[in-house]
Structure formats: C-alpha cells, structure tokens
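S.K.: The structure file work_27.cif (mmCIF, C-alpha atoms) is provided below.
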```cif
data_run
#
loop_
_atom_site.group_PDB
_atom_site.id
_atom_site.type_symbol
_atom_site.label_atom_id
_atom_site.label_comp_id
_atom_site.auth_asym_id
_atom_site.auth_seq_id
_atom_site.Cartn_x
_atom_site.Cartn_y
_atom_site.Cartn_z
ATOM 1 C CA MET R 215 96.814 -3.274 -32.498
ATOM 2 C CA GLY R 216 99.105 -6.329 -32.527
ATOM 3 C CA GLY R 217 97.909 -9.766 -33.463
ATOM 4 C CA LEU R 218 96.524 -12.041 -30.811
ATOM 5 C CA MET R 219 98.827 -14.597 -29.229
ATOM 6 C CA LYS R 220 97.914 -18.162 -30.236
ATOM 7 C CA LEU R 221 99.105 -20.984 -27.999
ATOM 8 C CA GLU R 222 99.882 -24.314 -29.653
ATOM 9 C CA ILE R 223 99.852 -27.564 -27.730
ATOM 10 C CA LYS R 224 102.872 -28.936 -29.615
ATOM 11 C CA LYS R 225 104.979 -26.021 -28.323
ATOM 12 C CA ASN R 226 103.972 -26.702 -24.730
ATOM 13 C CA ILE R 227 106.841 -29.061 -23.933
ATOM 14 C CA GLN R 228 107.447 -29.823 -20.266
ATOM 15 C CA LYS R 229 109.243 -33.134 -20.790
ATOM 16 C CA GLU R 230 110.644 -35.274 -23.608
ATOM 17 C CA GLU R 231 107.532 -37.454 -24.053
ATOM 18 C CA ASP R 232 105.335 -34.389 -24.679
ATOM 19 C CA LYS R 233 106.521 -34.316 -28.305
ATOM 20 C CA ASN R 234 104.425 -37.444 -28.928
ATOM 21 C CA LEU R 235 101.460 -36.622 -26.678
ATOM 22 C CA SER R 236 98.222 -34.928 -27.705
ATOM 23 C CA PHE R 237 97.286 -33.986 -24.129
ATOM 24 C CA ARG R 238 98.776 -32.350 -20.997
ATOM 25 C CA ALA R 239 97.681 -32.408 -17.342
ATOM 26 C CA PHE R 240 99.060 -29.968 -14.755
ATOM 27 C CA ASP R 241 98.366 -28.646 -11.304
ATOM 28 C CA LEU R 242 96.729 -25.226 -11.278
ATOM 29 C CA THR R 243 99.658 -23.110 -10.076
ATOM 30 C CA THR R 244 100.712 -19.491 -10.553
ATOM 31 C CA GLU R 245 103.509 -20.675 -12.833
ATOM 32 C CA ASN R 246 101.177 -22.773 -15.002
ATOM 33 C CA LEU R 247 98.711 -19.861 -15.275
ATOM 34 C CA ARG R 248 101.378 -17.424 -16.457
ATOM 35 C CA ASN R 249 100.682 -17.828 -20.183
ATOM 36 C CA TYR R 250 96.944 -17.420 -19.707
ATOM 37 C CA LEU R 251 96.823 -13.968 -18.124
ATOM 38 C CA LYS R 252 96.637 -12.075 -21.444
ATOM 39 C CA PRO R 253 93.949 -12.472 -24.119
ATOM 40 C CA HIS R 254 94.831 -15.332 -26.451
ATOM 41 C CA LYS R 255 93.514 -18.223 -28.507
ATOM 42 C CA LYS R 256 94.553 -21.863 -28.466
ATOM 43 C CA ASP R 257 94.649 -24.575 -31.095
ATOM 44 C CA HIS R 258 93.469 -27.053 -28.447
ATOM 45 C CA PHE R 259 90.891 -27.561 -25.697
ATOM 46 C CA PHE R 260 91.648 -26.058 -22.272
ATOM 47 C CA ILE R 261 89.929 -27.350 -19.135
ATOM 48 C CA ILE R 262 90.349 -25.673 -15.781
ATOM 49 C CA VAL R 263 89.016 -27.401 -12.651
ATOM 50 C CA ILE R 264 88.806 -25.505 -9.352
ATOM 51 C CA GLU R 265 89.228 -27.547 -6.168
ATOM 52 C CA ASN R 266 89.862 -24.623 -3.846
ATOM 53 C CA GLY R 267 90.025 -20.818 -4.059
ATOM 54 C CA SER R 268 88.770 -18.823 -7.043
ATOM 55 C CA LEU R 269 89.667 -16.999 -10.242
ATOM 56 C CA GLN R 270 87.956 -15.220 -13.100
ATOM 57 C CA ILE R 271 88.030 -16.352 -16.703
ATOM 58 C CA GLN R 272 86.874 -14.140 -19.535
ATOM 59 C CA ILE R 273 85.799 -16.061 -22.643
ATOM 60 C CA GLU R 274 84.899 -13.929 -25.651
ATOM 61 C CA ASP R 275 82.769 -11.160 -24.109
ATOM 62 C CA LYS R 276 81.614 -13.015 -20.964
ATOM 63 C CA ILE R 277 83.279 -13.101 -17.547
ATOM 64 C CA HIS R 278 82.863 -16.252 -15.440
ATOM 65 C CA SER R 279 83.746 -16.458 -11.751
ATOM 66 C CA LEU R 280 85.149 -19.879 -10.999
ATOM 67 C CA LYS R 281 85.297 -21.248 -7.466
ATOM 68 C CA SER R 282 85.482 -24.648 -5.809
ATOM 69 C CA GLY R 283 83.444 -27.244 -7.699
ATOM 70 C CA LYS R 284 83.346 -25.293 -10.969
ATOM 71 C CA ILE R 285 84.828 -26.415 -14.257
ATOM 72 C CA SER R 286 85.448 -24.385 -17.398
ATOM 73 C CA VAL R 287 86.021 -25.886 -20.836
ATOM 74 C CA VAL R 288 87.395 -23.460 -23.430
ATOM 75 C CA PHE R 289 87.101 -24.638 -27.019
ATOM 76 C CA PRO R 290 89.799 -24.135 -29.681
ATOM 77 C CA GLU R 291 89.799 -20.607 -31.148
ATOM 78 C CA GLN R 292 87.718 -19.070 -28.333
ATOM 79 C CA VAL R 293 89.411 -15.867 -27.172
ATOM 80 C CA HIS R 294 89.992 -15.929 -23.409
ATOM 81 C CA PHE R 295 92.196 -15.032 -20.461
ATOM 82 C CA VAL R 296 92.409 -15.674 -16.721
ATOM 83 C CA SER R 297 92.544 -13.050 -13.951
ATOM 84 C CA GLU R 298 92.328 -12.555 -10.175
ATOM 85 C CA PRO R 299 93.597 -15.983 -9.012
ATOM 86 C CA SER R 300 93.222 -16.228 -5.216
ATOM 87 C CA ASP R 301 96.189 -17.106 -2.969
ATOM 88 C CA ASP R 302 94.590 -20.399 -1.898
ATOM 89 C CA LEU R 303 93.950 -21.554 -5.465
ATOM 90 C CA LYS R 304 94.098 -25.289 -6.038
ATOM 91 C CA GLY R 305 92.952 -27.289 -9.038
ATOM 92 C CA LYS R 306 93.931 -28.864 -12.332
ATOM 93 C CA ILE R 307 94.511 -27.845 -15.939
ATOM 94 C CA ILE R 308 94.012 -30.280 -18.811
ATOM 95 C CA LEU R 309 94.926 -29.482 -22.404
ATOM 96 C CA PHE R 310 94.147 -31.757 -25.317
ATOM 97 C CA GLU R 311 94.037 -31.688 -29.081
ATOM 98 C CA GLU R 312 90.749 -31.619 -30.914
ATOM 99 C CA ILE R 313 91.424 -34.992 -32.551
ATOM 100 C CA LEU R 314 91.714 -36.563 -29.104
ATOM 101 C CA PHE R 315 88.168 -35.510 -28.268
ATOM 102 C CA CYS R 316 86.579 -38.037 -30.554
ATOM 103 C CA SER R 317 84.881 -35.465 -32.756
ATOM 104 C CA ASP R 318 82.351 -38.059 -33.919
ATOM 105 C CA ILE R 319 80.886 -37.978 -30.404
ATOM 106 C CA LEU R 320 79.942 -34.339 -30.928
ATOM 107 C CA LYS R 321 79.044 -34.642 -34.577
ATOM 108 C CA ASN R 322 76.956 -37.799 -34.473
ATOM 109 C CA GLU R 323 75.635 -39.383 -31.299
ATOM 110 C CA LEU R 324 75.448 -36.114 -29.380
ATOM 111 C CA SER R 325 74.546 -33.728 -32.191
ATOM 112 C CA THR R 326 71.200 -32.930 -30.576
ATOM 113 C CA TYR R 327 73.012 -31.951 -27.390
ATOM 114 C CA ASN R 328 75.404 -29.790 -29.328
ATOM 115 C CA VAL R 329 73.304 -26.677 -29.730
ATOM 116 C CA ASN R 330 75.566 -24.188 -28.006
ATOM 117 C CA LEU R 331 77.910 -26.623 -26.323
ATOM 118 C CA SER R 332 80.976 -24.454 -26.788
ATOM 119 C CA THR R 333 79.416 -21.723 -24.632
ATOM 120 C CA GLN R 334 77.467 -23.934 -22.222
ATOM 121 C CA LEU R 335 80.636 -25.755 -21.152
ATOM 122 C CA ASN R 336 82.489 -22.477 -20.535
ATOM 123 C CA CYS R 337 81.274 -22.555 -16.927
ATOM 124 C CA THR R 338 79.728 -25.621 -15.300
ATOM 125 C CA ILE R 339 79.138 -26.743 -11.739
ATOM 126 C CA LEU R 340 78.735 -30.396 -10.837
ATOM 127 C CA SER R 341 77.075 -32.038 -7.864
ATOM 128 C CA PRO R 342 79.624 -32.840 -5.097
ATOM 129 C CA GLU R 343 79.485 -36.554 -6.031
ATOM 130 C CA ASP R 344 80.025 -35.914 -9.743
ATOM 131 C CA PHE R 345 82.796 -33.434 -8.973
ATOM 132 C CA GLU R 346 84.603 -36.037 -6.834
ATOM 133 C CA GLN R 347 84.308 -38.525 -9.696
ATOM 134 C CA SER R 348 85.705 -35.931 -12.108
ATOM 135 C CA LEU R 349 88.682 -35.272 -9.819
ATOM 136 C CA HIS R 350 89.356 -38.999 -9.687
ATOM 137 C CA ALA R 351 89.342 -39.181 -13.516
ATOM 138 C CA ILE R 352 91.659 -36.161 -13.707
ATOM 139 C CA GLU R 353 94.129 -37.732 -11.257
ATOM 140 C CA ILE R 354 94.255 -40.802 -13.518
ATOM 141 C CA ILE R 355 94.818 -38.595 -16.593
ATOM 142 C CA LYS R 356 97.563 -36.683 -14.746
ATOM 143 C CA GLY R 357 99.220 -39.945 -13.687
ATOM 144 C CA ILE R 358 99.225 -41.192 -17.278
ATOM 145 C CA TYR R 359 100.604 -37.857 -18.491
ATOM 146 C CA GLN R 360 103.532 -38.093 -16.073
ATOM 147 C CA LYS R 361 104.421 -41.654 -17.143
ATOM 148 C CA PRO R 362 102.886 -42.283 -20.556
ATOM 149 C CA SER R 363 103.054 -45.496 -22.564
ATOM 150 C CA LEU R 364 101.336 -46.532 -25.767
ATOM 151 C CA ILE R 365 98.547 -48.368 -23.936
ATOM 152 C CA LYS R 366 98.207 -45.657 -21.277
ATOM 153 C CA LYS R 367 97.840 -42.952 -23.940
ATOM 154 C CA GLU R 368 94.743 -44.773 -25.176
ATOM 155 C CA GLN R 369 93.501 -44.964 -21.591
ATOM 156 C CA ALA R 370 93.955 -41.199 -21.191
ATOM 157 C CA ARG R 371 91.909 -40.626 -24.313
ATOM 158 C CA PHE R 372 89.176 -42.799 -22.849
ATOM 159 C CA HIS R 373 89.216 -40.996 -19.458
ATOM 160 C CA ILE R 374 89.090 -37.544 -21.076
ATOM 161 C CA LYS R 375 86.041 -38.596 -23.103
ATOM 162 C CA ILE R 376 84.314 -39.995 -20.026
ATOM 163 C CA PHE R 377 85.042 -36.761 -18.138
ATOM 164 C CA LEU R 378 83.649 -34.612 -20.973
ATOM 165 C CA LEU R 379 80.586 -36.780 -21.450
ATOM 166 C CA GLY R 380 79.837 -36.353 -17.743
ATOM 167 C CA LEU R 381 79.993 -32.564 -18.168
ATOM 168 C CA ILE R 382 77.791 -32.697 -21.262
ATOM 169 C CA GLU R 383 75.271 -34.837 -19.392
ATOM 170 C CA SER R 384 75.146 -32.307 -16.543
ATOM 171 C CA ILE R 385 74.548 -29.457 -18.994
ATOM 172 C CA HIS R 386 71.907 -31.455 -20.802
ATOM 173 C CA GLY R 387 70.004 -31.926 -17.570
ATOM 174 C CA LEU R 388 70.195 -28.242 -16.648
ATOM 175 C CA HIS R 389 69.292 -26.756 -20.025
ATOM 176 C CA PRO R 390 65.625 -25.659 -20.098
ATOM 177 C CA ILE R 391 65.064 -26.737 -23.705
ATOM 178 C CA LEU R 392 67.574 -29.456 -24.400
ATOM 179 C CA HIS R 393 66.156 -31.987 -21.979
ATOM 180 C CA LYS R 394 62.831 -31.863 -23.808
ATOM 181 C CA GLU R 395 62.928 -34.147 -26.814
ATOM 182 C CA THR R 396 61.038 -31.956 -29.243
ATOM 183 C CA ALA R 397 60.600 -33.006 -32.849
ATOM 184 C CA ASP R 398 62.081 -29.765 -34.177
ATOM 185 C CA LYS R 399 65.274 -29.763 -32.067
ATOM 186 C CA PRO R 400 67.331 -31.495 -34.807
ATOM 187 C CA ILE R 401 66.223 -28.737 -37.225
ATOM 188 C CA TYR R 402 67.515 -26.072 -34.844
ATOM 189 C CA VAL R 403 70.839 -27.923 -34.497
ATOM 190 C CA ARG R 404 71.131 -28.114 -38.291
ATOM 191 C CA PHE R 405 70.323 -24.397 -38.565
ATOM 192 C CA LYS R 406 73.156 -23.518 -36.128
ATOM 193 C CA LYS R 407 75.600 -25.701 -38.065
ATOM 194 C CA LEU R 408 74.585 -24.176 -41.398
ATOM 195 C CA LEU R 409 74.865 -20.695 -39.922
ATOM 196 C CA ASN R 410 78.416 -21.330 -38.689
ATOM 197 C CA GLU R 411 79.396 -22.560 -42.143
ATOM 198 C CA HIS R 412 77.724 -19.887 -44.280
ATOM 199 C CA TYR R 413 77.189 -16.700 -42.228
ATOM 200 C CA LYS R 414 79.801 -14.786 -44.255
ATOM 201 C CA GLU R 415 77.982 -15.330 -47.538
ATOM 202 C CA GLN R 416 74.364 -16.018 -46.599
ATOM 203 C CA ARG R 417 72.423 -13.480 -44.546
ATOM 204 C CA THR R 418 68.780 -14.235 -45.365
ATOM 205 C CA VAL R 419 66.282 -16.290 -43.415
ATOM 206 C CA GLN R 420 64.975 -17.475 -46.784
ATOM 207 C CA TYR R 421 68.305 -19.187 -47.608
ATOM 208 C CA TYR R 422 68.446 -21.158 -44.347
ATOM 209 C CA ALA R 423 64.748 -22.036 -44.474
ATOM 210 C CA GLU R 424 65.174 -23.422 -47.999
ATOM 211 C CA GLU R 425 68.247 -25.438 -46.979
ATOM 212 C CA LEU R 426 66.219 -26.918 -44.121
ATOM 213 C CA ALA R 427 63.160 -27.464 -46.339
ATOM 214 C CA ILE R 428 60.858 -25.421 -44.095
ATOM 215 C CA THR R 429 59.177 -22.022 -44.354
ATOM 216 C CA PRO R 430 60.845 -18.864 -42.965
ATOM 217 C CA LYS R 431 57.918 -18.575 -40.542
ATOM 218 C CA LYS R 432 58.565 -22.092 -39.232
ATOM 219 C CA LEU R 433 62.304 -21.384 -38.866
ATOM 220 C CA ASN R 434 61.513 -18.252 -36.859
ATOM 221 C CA SER R 435 59.255 -20.131 -34.477
ATOM 222 C CA ILE R 436 61.927 -22.845 -33.989
ATOM 223 C CA THR R 437 64.750 -20.366 -33.260
ATOM 224 C CA LYS R 438 62.536 -18.362 -30.892
ATOM 225 C CA LYS R 439 61.685 -21.516 -29.004
ATOM 226 C CA HIS R 440 65.264 -22.752 -28.714
ATOM 227 C CA CYS R 441 67.293 -19.560 -28.215
ATOM 228 C CA GLY R 442 64.783 -16.782 -27.656
ATOM 229 C CA GLU R 443 65.632 -14.861 -30.825
ATOM 230 C CA THR R 444 64.302 -14.718 -34.369
ATOM 231 C CA ALA R 445 66.247 -16.329 -37.197
ATOM 232 C CA ILE R 446 67.448 -12.960 -38.493
ATOM 233 C CA GLN R 447 68.625 -11.982 -34.988
ATOM 234 C CA ALA R 448 70.562 -15.264 -34.768
ATOM 235 C CA ILE R 449 72.193 -14.532 -38.149
ATOM 236 C CA HIS R 450 73.083 -10.973 -37.174
ATOM 237 C CA ASN R 451 74.419 -12.020 -33.768
ATOM 238 C CA ARG R 452 76.715 -14.573 -35.394
ATOM 239 C CA ILE R 453 78.108 -11.835 -37.665
ATOM 240 C CA LEU R 454 78.520 -9.476 -34.699
ATOM 241 C CA ILE R 455 80.546 -12.061 -32.774
ATOM 242 C CA GLU R 456 82.952 -12.304 -35.709
ATOM 243 C CA ILE R 457 83.135 -8.516 -36.133
ATOM 244 C CA LYS R 458 84.084 -8.156 -32.440
ATOM 245 C CA ARG R 459 86.730 -10.883 -32.707
ATOM 246 C CA GLN R 460 88.296 -9.374 -35.793
ATOM 247 C CA LEU R 461 88.208 -5.777 -34.550
ATOM 248 C CA LEU R 462 89.991 -6.747 -31.393
ATOM 249 C CA PHE R 463 92.248 -9.599 -32.300
ATOM 250 C CA SER R 464 93.142 -9.413 -35.976
ATOM 251 C CA ASP R 465 95.501 -7.062 -37.771
ATOM 252 C CA LEU R 466 92.938 -6.452 -40.498
ATOM 253 C CA SER R 467 91.770 -2.954 -41.391
ATOM 254 C CA HIS R 468 88.063 -2.128 -41.207
ATOM 255 C CA LYS R 469 87.974 -2.384 -45.001
ATOM 256 C CA GLU R 470 89.505 -5.873 -44.943
ATOM 257 C CA ILE R 471 87.118 -6.981 -42.185
ATOM 258 C CA ALA R 472 84.157 -5.658 -44.192
ATOM 259 C CA PHE R 473 85.116 -7.674 -47.288
ATOM 260 C CA ASP R 474 86.064 -10.784 -45.301
ATOM 261 C CA LEU R 475 82.630 -10.813 -43.693
ATOM 262 C CA GLY R 476 80.728 -10.334 -46.929
ATOM 263 C CA PHE R 477 79.919 -6.611 -46.726
ATOM 264 C CA ASN R 478 80.232 -4.813 -50.049
ATOM 265 C CA SER R 479 81.947 -1.764 -48.519
ATOM 266 C CA PRO R 480 83.382 -0.466 -45.231
ATOM 267 C CA SER R 481 80.402 1.894 -44.976
ATOM 268 C CA ALA R 482 78.043 -1.114 -45.107
ATOM 269 C CA LEU R 483 79.942 -2.637 -42.157
ATOM 270 C CA ASN R 484 79.761 0.731 -40.387
ATOM 271 C CA LYS R 485 76.022 0.964 -40.970
ATOM 272 C CA PHE R 486 75.442 -2.620 -39.715
ATOM 273 C CA VAL R 487 77.406 -2.108 -36.468
ATOM 274 C CA LYS R 488 75.770 1.267 -35.860
ATOM 275 C CA ALA R 489 72.278 -0.199 -36.362
ATOM 276 C CA LYS R 490 72.933 -3.102 -33.998
ATOM 277 C CA LEU R 491 75.087 -1.524 -31.293
ATOM 278 C CA LYS R 492 74.510 2.227 -31.676
ATOM 279 C CA GLU R 493 78.245 2.825 -32.147
ATOM 280 C CA THR R 494 80.793 2.811 -34.951
ATOM 281 C CA PRO R 495 83.312 -0.017 -35.502
ATOM 282 C CA THR R 496 86.053 2.339 -34.243
ATOM 283 C CA GLU R 497 84.143 3.062 -31.018
ATOM 284 C CA LEU R 498 83.407 -0.646 -30.598
ATOM 285 C CA GLN R 499 87.087 -1.462 -31.138
ATOM 286 C CA GLN R 500 88.143 1.030 -28.441
ATOM 287 C CA GLU R 501 85.530 -0.297 -26.031
ATOM 288 C CA LEU R 502 86.630 -3.906 -26.566
ATOM 289 C CA ALA R 503 90.302 -2.979 -26.250
ATOM 290 C CA GLN R 504 89.582 -1.440 -22.856
ATOM 291 C CA MET R 505 87.650 -4.516 -21.778
ATOM 292 C CA TYR R 506 90.329 -6.986 -22.833
ATOM 293 C CA ILE R 507 93.607 -5.128 -22.751
ATOM 294 C CA GLY R 508 92.748 -2.484 -20.234
#
```
Step by step, read the file and then write its structure as structure tokens.

M.R.:
Amino acid sequence: MGGLMKLEIKKNIQKEEDKNLSFRAFDLTTENLRNYLKPHKKDHFFIIVIENGSLQIQIEDKIHSLKSGKISVVFPEQVHFVSEPSDDLKGKIILFEEILFCSDILKNELSTYNVNLSTQLNCTILSPEDFEQSLHAIEIIKGIYQKPSLIKKEQARFHIKIFLLGLIESIHGLHPILHKETADKPIYVRFKKLLNEHYKEQRTVQYYAEELAITPKKLNSITKKHCGETAIQAIHNRILIEIKRQLLFSDLSHKEIAFDLGFNSPSALNKFVKAKLKETPTELQQELAQMYIG
C-alpha cells in the first residue's frame, strides 16, 4: 500500500505573498476541496466552516456529517478526507501553521481544557449568535489573507486565536466533565500528556501512577471518571490508534510496526490486536483499507 499523501502549507501557493504567510483563507468550493477528497495528513491546522449545504468528513476512524452552522477543526497529523459535498455547499476553509496557533494557549492557560481537544474540535456546532460572530471573524481573516501586510498578519493571528478560543469555550461548556472543576482533572490531563509521550515504551499502569505520584487504584478511578475507561484500557487504546494509522498509512511491514511500537516480535503485535479486536493485523489492514480507500 502506498504512503499517505501529506499536504504542506508552504506548498499551497495561490499568490506571491503566500510564500511569507503562515495561514490561508478560502471559500469552500469544489476546486478548493479537490485535494481533500482522498485520505491524507497535513502539517498544519485545517478548519472547515459550513454556511450552507453539507458534506462528510472522516477523521481517523470517525465520520462526521457537517451541515450549516457546524465547524470542524482537524489537527496536524490527523488522517482525514472529505466526501459527499452537496451542490449548494457554501462556507470557508482556513489553514494555518501550528506556530501561529499560540501553542502556549493550549499548553499553559488552557491545559485543563485540553483533555481530548484534538477530537472534541473535530465537529462542533455553535449557537446562531456565536456562529455569526465566527463568520465575521473569518471574513476579516480572509480579507487580510487577500491583502496582507506586516501589521495585518499580526491581526490575522489575533483573529484566528479569538475564533479558536470561542470554539474551545463552546466545547468546554458542552463537555459533561470538563465544566466541573474537580481537583483531580489536572492529574488526568497530565496522564494523557504522559501517555502520548511514552506509550511506545511504557505500557503499565504502575509506571504512569508513579510518574503522577499516585496509586494505580487512584489513577484508575480518575481515568474512569474522566473518560469512562480504566487506565490500562486508555493505554491500550492509544496503542491501537497508532497500530491502525501505521497499518493503513505507512509503508512499514508488520514486523517494522511491531518494533516501532515497542512489541518484542510480530507475533506479540498479532496477539495484542487479536485480543483487542478479535482479528489479525492483516484482517484489520484490509478492513481499514476498505473503509478509507474503498
């Protein structure tokens, strides 16, 4: 299976100034959707805003139906593609580099919000008033994109942040756990961060509990409360996500995937997938290929 296409923002050049811009803003047209109809990754954020009509967007293994008033934010490296755009489709596309989205906002002030932000923002719906405000912000961003200047580029950065913070606020209000300020929420956030950094090498609840200076029992109760699964299930699910990505979108053999993900043999990978999904990596690969490539 061929490698997955990766779209780079610096290669998306519509006009001369784009070479020095870390964002893009387009109308949602058939032409501008052309590159997004096959599974791919990006090195940048991709926001799609639907004003009229509908389309489907598949992100990783979830399909989202987008219609008027819905907004989807796809994070860098998330595998996705668009399908079934309606004839009356109208909306906007915004692309921007990760550095533009002041990463300290996510990492510091909003770290307690950032539990599963990259999946929660995949499909959001705003109130009509908030959606109108978002459209206004996007029109400003689009105007700056068409005629950028040094000062205006800074303004665009500001407007994109405001837009994203509005989306994050809406998610925060809707999330059943996140709007409750519980004392252990920061521990759960730290657990998720540690897991993303170390899941290839560290598979035990004991390791994460020790890093967080709590007991395994306490870690289990925190993860159950915040995501409905035990700590070991969270660890295994993180590994499974990576196995699915690599089976479908990398050129690695099953042996290479096994060693990359910290298994000591291909048969150990086989055994893990079979235990979790009741199928072999080969069967899973075929199933995913049908889902994505059809």

S.K.: So how many Å separate CA of Ser268 in chain R and CA of Lys361 in chain R, to one decimal?

M.R.: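 Between these atoms lies a distance of 29.5 Å.
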
S.K.: Give me the result of the PyMOL selection byres ((chain R and resi 222) around 10) on this file, residue by residue, as a PyMOL selection string.

M.R.: chain R and resi 219-221+223-226+255-258+311

S.K.: Which neighbours of Arg459 in chain R fall inside 12 Å, counting all atoms listed in the file, when residues of the same chain fewer than 2 positions from it are skipped, and could you give them as a VMD selection string?

M.R.: chain R and resid 217 to 218 253 to 255 273 to 275 291 to 294 452 to 457 461 to 466 471 475 495 498 to 499 502 to 503 506

S.K.: Applied to this file, what does the PyMOL selection byres ((chain R and resi 444) around 12) return in terms of residues, put as a ChimeraX atom specification?

M.R.: /R:402,418-419,430-443,445-451

S.K.: Anything within 12 Å of (95.5, -7.3, -10.2): list those residues as a VMD selection string, counting only C-alpha atoms and sticking to the file's coordinates.

M.R.: chain R and resid 251 269 to 270 296 to 300 508

S.K.: Smallest atom-to-atom distance to Val288 in chain R: which of R:Gln272, R:Glu245, R:Asn336, R:Ile365, using all atoms listed in the file?

M.R.: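 Looking only at the distances to Val288 in chain R, the closest residue turns out to be R:Asn336.
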
S.K.: Step by step: start from the point (80.2, 2.2, -43.4) in the file's coordinates, keep every protein, DNA or RNA residue that has an atom no farther than 12 Å from it, count all atoms listed in the file, and write the set as a list in words.

M.R.: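 Every residue inside that radius is included here: His468, Lys469, Ile471, Ala472, Phe473, Phe477, Asn478, Ser479, Pro480, Ser481, Ala482, Leu483, Asn484, Lys485, Phe486, Val487, Lys488, Ala489, Glu493, Thr494, Pro495 and Thr496 of chain R.
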
S.K.: Keeping only C-alpha atoms, write the selected residues to a file as a tab-separated table (two decimals), in the coordinates of the input.

M.R.:
```tsv
chain	number	residue	atom	x	y	z
R	468	HIS	CA	88.06	-2.13	-41.21
R	469	LYS	CA	87.97	-2.38	-45.00
R	471	ILE	CA	87.12	-6.98	-42.18
R	472	ALA	CA	84.16	-5.66	-44.19
R	473	PHE	CA	85.12	-7.67	-47.29
R	477	PHE	CA	79.92	-6.61	-46.73
R	478	ASN	CA	80.23	-4.81	-50.05
R	479	SER	CA	81.95	-1.76	-48.52
R	480	PRO	CA	83.38	-0.47	-45.23
R	481	SER	CA	80.40	1.89	-44.98
R	482	ALA	CA	78.04	-1.11	-45.11
R	483	LEU	CA	79.94	-2.64	-42.16
R	484	ASN	CA	79.76	0.73	-40.39
R	485	LYS	CA	76.02	0.96	-40.97
R	486	PHE	CA	75.44	-2.62	-39.72
R	487	VAL	CA	77.41	-2.11	-36.47
R	488	LYS	CA	75.77	1.27	-35.86
R	489	ALA	CA	72.28	-0.20	-36.36
R	493	GLU	CA	78.24	2.82	-32.15
R	494	THR	CA	80.79	2.81	-34.95
R	495	PRO	CA	83.31	-0.02	-35.50
R	496	THR	CA	86.05	2.34	-34.24
```

S.K.: Which neighbours of Leu242 in chain R fall inside 7 Å, counting only C-alpha atoms, when residues of the same chain fewer than 5 positions from it are skipped, and could you give them as an NGL selection string?

M.R.: :R and (247 or 304-307)
